[in-house]
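K.L.:
Just passing along the structure, written as structure tokens.
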Amino acid sequence: MSAESNSVDLTSSSSQYSVENPAPFIEAARARTKRTPRGGRTNFEMQAWVFMRLSGILLVVLVLGHLLIQLVLDGGVSKIGFAFVAGRWASPFWQVWDLLMLWLAMLHGANGLRTVINDYAERDNTRFWLKMVLYAATVFTVLLGTLVIFTFDPNIQ
Amino acid sequence: MPAGTLYRGREGMWSWVAHRVTGVLIFFFLFVHVLDTALVRVSPEAYDDVVATYKNPVVNLLEYGLVAAILFHALNGLRVVAVDFWDKGAKYQRQMLWTVMAVWVVLMAGSFYPILEHTLRTLFGS
Ligand code: HEM
């Protein structure tokens, strides 16, 4: 050992390595090896990241427009009722608006919650089941909402 | 404390915390909101009954809170997009957060009366 390297705090294990006896090579944490699972080779996380940003931008228009119409203009919440809904869904424009808003907001929110669950639920089982509940609730809500928009009947009863 | 959730503090971290909390809140509301709207498929009366809860003064105030959460999440979401895609985004992230807050305050002030008009009229109107 030369005098210079004495200034470095060497642990008992690392001090044994030298040019003649190099430390074992450790694969970089995220390097893809033969043992990387297949699922890890798709771009899903990157696509989800892009989707969060694209859907977010569209939702600014859809959601803020929705709030403006429902809660701000024309007396705010006072006017809302079955007749008001019937009036708006008579137009395909608002049907498409609401359908797009439903799908984008649910998928955006569900993907956001998936991230939150992945961050905080540390036990494998807990994380798995929380996500199953999330996916079930999301599929149910999206299908129910879609069904309601498509089968709305202003003359019900 | 789960590893990796403590960040560096200041505006960057707190805006992230607020973005996360508002996002989760909005999602839970959306779930309930699709369920209550589904009552239009049951009967006009069932739907109007549930909408009556939305017209209750306390719930009306909660709606103002919901708008506060959505407005913050939407404006700050645009800031996040700008940080990610605009080459000077990271440099100006703090200035953009204060811009977000300023726009938020203006829109919240402007929508106070329209959103709560129903409650103000029922409580104090003649
Ligand atoms: C109104 C326009 C909206 C915009 C511009 C927007 C924007 C964004 C962006 C850019 C992200 C990603 C943040 C990141 O990766 O760090 C995000 C996350 C999220 N958003 Fe939105 N969003 C909007 C509406 C919504 C709605 C309606 C919901 C609920 C249904 C929602 C729930 C969430 C959740 C839960 C997250 C995850 C938060 C996290 O991981 O910390 N967002 N939003």
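How things are named: the first chain in the structure tokens is A, the next is B, and so on; residues count from 1 in each chain; ligands count from 1 in the order shown.
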Could you give me the residues within 8 Å of ligand 1, counting only C-alpha atoms and all ligand atoms, as a PyMOL selection string?
P.N.:
(chain A and resi 49+52-64+105-116) or (chain B and resi 16-17+19-30+70-71+73-81)
K.L.:
Would you mind listing what lies within 10 Å of region 104-116 of chain B as a PyMOL selection string, with only C-alpha atoms counted and same-chain residues fewer than 6 positions away left out?
P.N.:
(chain A and resi 67-68+70-78) or (chain B and resi 55+57+60-61+63-65+67-69+71-72+74-76+98)
K.L.:
What does the structure give for the distance between CA of Val85 (chain A) and CA of Leu144 (chain A), in Å to one decimal?
P.N.:
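Computing it gives 16.6 Å between the two atoms.
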K.L.:
When distances are computed from only C-alpha atoms, which of A:Ala48, A:Ala29, A:Met132, A:Ile69 shows the smallest separation from chain B?
P.N.:
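Nearest to chain B: A:Ile69.
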K.L.:
Separation of CA of Gly81 (chain A) and CA of Ala46 (chain B), in Å?
P.N.:
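Between CA of Gly81 (chain A) and CA of Ala46 (chain B) the gap is 10.3 Å.
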K.L.:
Apply DSSP to the backbone of this structure and, from chain B, keep only the residues in helix (DSSP H, G or I); write these as a VMD selection string.
P.N.:
chain B and resid 10 to 41 44 to 54 57 to 85 93 to 124
K.L.:
Export C-alpha atoms of the chosen residues as an mmCIF file, in the first residue's frame?
P.N.:
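File produced: part.cif:
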data_model
loop_
_atom_site.group_PDB
_atom_site.id
_atom_site.type_symbol
_atom_site.label_atom_id
_atom_site.label_comp_id
_atom_site.auth_asym_id
_atom_site.auth_seq_id
_atom_site.Cartn_x
_atom_site.Cartn_y
_atom_site.Cartn_z
ATOM 1 C CA ARG B 10 -39.090 23.384 -1.025
ATOM 2 C CA GLU B 11 -41.465 24.257 -3.873
ATOM 3 C CA GLY B 12 -40.563 21.286 -6.045
ATOM 4 C CA MET B 13 -41.443 18.688 -3.436
ATOM 5 C CA TRP B 14 -44.503 20.393 -2.015
ATOM 6 C CA SER B 15 -46.038 20.982 -5.440
ATOM 7 C CA TRP B 16 -45.478 17.265 -6.138
ATOM 8 C CA VAL B 17 -47.177 16.318 -2.842
ATOM 9 C CA ALA B 18 -50.125 18.592 -3.650
ATOM 10 C CA HIS B 19 -50.335 17.215 -7.197
ATOM 11 C CA ARG B 20 -50.451 13.659 -5.843
ATOM 12 C CA VAL B 21 -53.013 14.380 -3.102
ATOM 13 C CA THR B 22 -55.316 16.285 -5.474
ATOM 14 C CA GLY B 23 -54.982 13.586 -8.162
ATOM 15 C CA VAL B 24 -56.060 10.846 -5.749
ATOM 16 C CA LEU B 25 -58.923 12.965 -4.386
ATOM 17 C CA ILE B 26 -60.230 13.733 -7.873
ATOM 18 C CA PHE B 27 -60.118 10.059 -8.824
ATOM 19 C CA PHE B 28 -62.236 9.033 -5.822
ATOM 20 C CA PHE B 29 -64.716 11.797 -6.568
ATOM 21 C CA LEU B 30 -64.928 10.735 -10.214
ATOM 22 C CA PHE B 31 -65.804 7.186 -9.158
ATOM 23 C CA VAL B 32 -68.720 8.432 -7.018
ATOM 24 C CA HIS B 33 -69.741 10.943 -9.676
ATOM 25 C CA VAL B 34 -70.123 8.283 -12.393
ATOM 26 C CA LEU B 35 -72.260 6.245 -9.978
ATOM 27 C CA ASP B 36 -74.593 9.158 -9.160
ATOM 28 C CA THR B 37 -74.899 10.133 -12.813
ATOM 29 C CA ALA B 38 -75.821 6.529 -13.664
ATOM 30 C CA LEU B 39 -79.113 7.177 -11.847
ATOM 31 C CA VAL B 40 -80.373 8.933 -15.018
ATOM 32 C CA ARG B 41 -80.842 5.359 -16.268
ATOM 33 C CA PRO B 44 -85.715 11.224 -13.479
ATOM 34 C CA GLU B 45 -86.816 11.256 -9.808
ATOM 35 C CA ALA B 46 -83.895 9.117 -8.645
ATOM 36 C CA TYR B 47 -81.482 11.405 -10.464
ATOM 37 C CA ASP B 48 -83.031 14.643 -9.228
ATOM 38 C CA ASP B 49 -82.989 13.259 -5.676
ATOM 39 C CA VAL B 50 -79.260 12.629 -5.739
ATOM 40 C CA VAL B 51 -78.592 15.983 -7.428
ATOM 41 C CA ALA B 52 -80.463 17.594 -4.517
ATOM 42 C CA THR B 53 -77.509 16.567 -2.298
ATOM 43 C CA TYR B 54 -75.208 18.516 -4.588
ATOM 44 C CA PRO B 57 -74.988 24.258 1.197
ATOM 45 C CA VAL B 58 -72.302 22.061 2.774
ATOM 46 C CA VAL B 59 -71.939 19.936 -0.356
ATOM 47 C CA ASN B 60 -71.971 23.090 -2.480
ATOM 48 C CA LEU B 61 -68.968 24.298 -0.462
ATOM 49 C CA LEU B 62 -67.287 20.921 -1.035
ATOM 50 C CA GLU B 63 -67.824 21.485 -4.783
ATOM 51 C CA TYR B 64 -65.882 24.724 -4.473
ATOM 52 C CA GLY B 65 -63.139 22.696 -2.767
ATOM 53 C CA LEU B 66 -63.262 20.124 -5.571
ATOM 54 C CA VAL B 67 -62.853 22.905 -8.127
ATOM 55 C CA ALA B 68 -59.881 24.182 -6.088
ATOM 56 C CA ALA B 69 -58.255 20.737 -6.218
ATOM 57 C CA ILE B 70 -58.935 20.199 -9.941
ATOM 58 C CA LEU B 71 -57.745 23.695 -10.878
ATOM 59 C CA PHE B 72 -54.479 23.215 -8.989
ATOM 60 C CA HIS B 73 -53.934 19.739 -10.473
ATOM 61 C CA ALA B 74 -54.707 20.961 -14.003
ATOM 62 C CA LEU B 75 -52.515 24.087 -13.863
ATOM 63 C CA ASN B 76 -49.657 22.331 -12.095
ATOM 64 C CA GLY B 77 -50.018 19.415 -14.544
ATOM 65 C CA LEU B 78 -49.339 21.850 -17.389
ATOM 66 C CA ARG B 79 -46.289 23.032 -15.426
ATOM 67 C CA VAL B 80 -45.061 19.424 -15.132
ATOM 68 C CA VAL B 81 -45.470 19.020 -18.909
ATOM 69 C CA ALA B 82 -43.524 22.237 -19.441
ATOM 70 C CA VAL B 83 -40.713 21.077 -17.126
ATOM 71 C CA ASP B 84 -40.489 17.827 -19.103
ATOM 72 C CA PHE B 85 -40.739 19.140 -22.664
ATOM 73 C CA GLN B 93 -39.958 25.566 -12.584
ATOM 74 C CA ARG B 94 -40.219 27.840 -9.512
ATOM 75 C CA GLN B 95 -41.393 30.852 -11.462
ATOM 76 C CA MET B 96 -43.932 28.600 -13.204
ATOM 77 C CA LEU B 97 -45.222 27.353 -9.851
ATOM 78 C CA TRP B 98 -45.828 30.898 -8.662
ATOM 79 C CA THR B 99 -47.546 31.653 -11.979
ATOM 80 C CA VAL B 100 -49.734 28.581 -11.410
ATOM 81 C CA MET B 101 -50.606 29.820 -7.915
ATOM 82 C CA ALA B 102 -51.409 33.320 -9.185
ATOM 83 C CA VAL B 103 -53.710 32.026 -11.941
ATOM 84 C CA TRP B 104 -55.264 29.651 -9.398
ATOM 85 C CA VAL B 105 -56.035 32.517 -6.965
ATOM 86 C CA VAL B 106 -57.576 34.634 -9.741
ATOM 87 C CA LEU B 107 -59.781 31.795 -11.041
ATOM 88 C CA MET B 108 -60.818 30.774 -7.505
ATOM 89 C CA ALA B 109 -61.773 34.349 -6.679
ATOM 90 C CA GLY B 110 -63.663 34.749 -9.942
ATOM 91 C CA SER B 111 -65.627 31.533 -9.523
ATOM 92 C CA PHE B 112 -66.484 32.033 -5.827
ATOM 93 C CA TYR B 113 -69.787 33.772 -6.423
ATOM 94 C CA PRO B 114 -70.963 31.795 -9.491
ATOM 95 C CA ILE B 115 -70.312 28.432 -7.829
ATOM 96 C CA LEU B 116 -71.757 29.354 -4.434
ATOM 97 C CA GLU B 117 -74.570 31.523 -5.807
ATOM 98 C CA HIS B 118 -77.084 28.756 -5.148
ATOM 99 C CA THR B 119 -76.093 28.513 -1.473
ATOM 100 C CA LEU B 120 -75.801 32.263 -0.968
ATOM 101 C CA ARG B 121 -79.308 32.720 -2.402
ATOM 102 C CA THR B 122 -80.902 29.946 -0.331
ATOM 103 C CA LEU B 123 -79.212 31.075 2.887
ATOM 104 C CA PHE B 124 -79.330 34.862 2.549
#
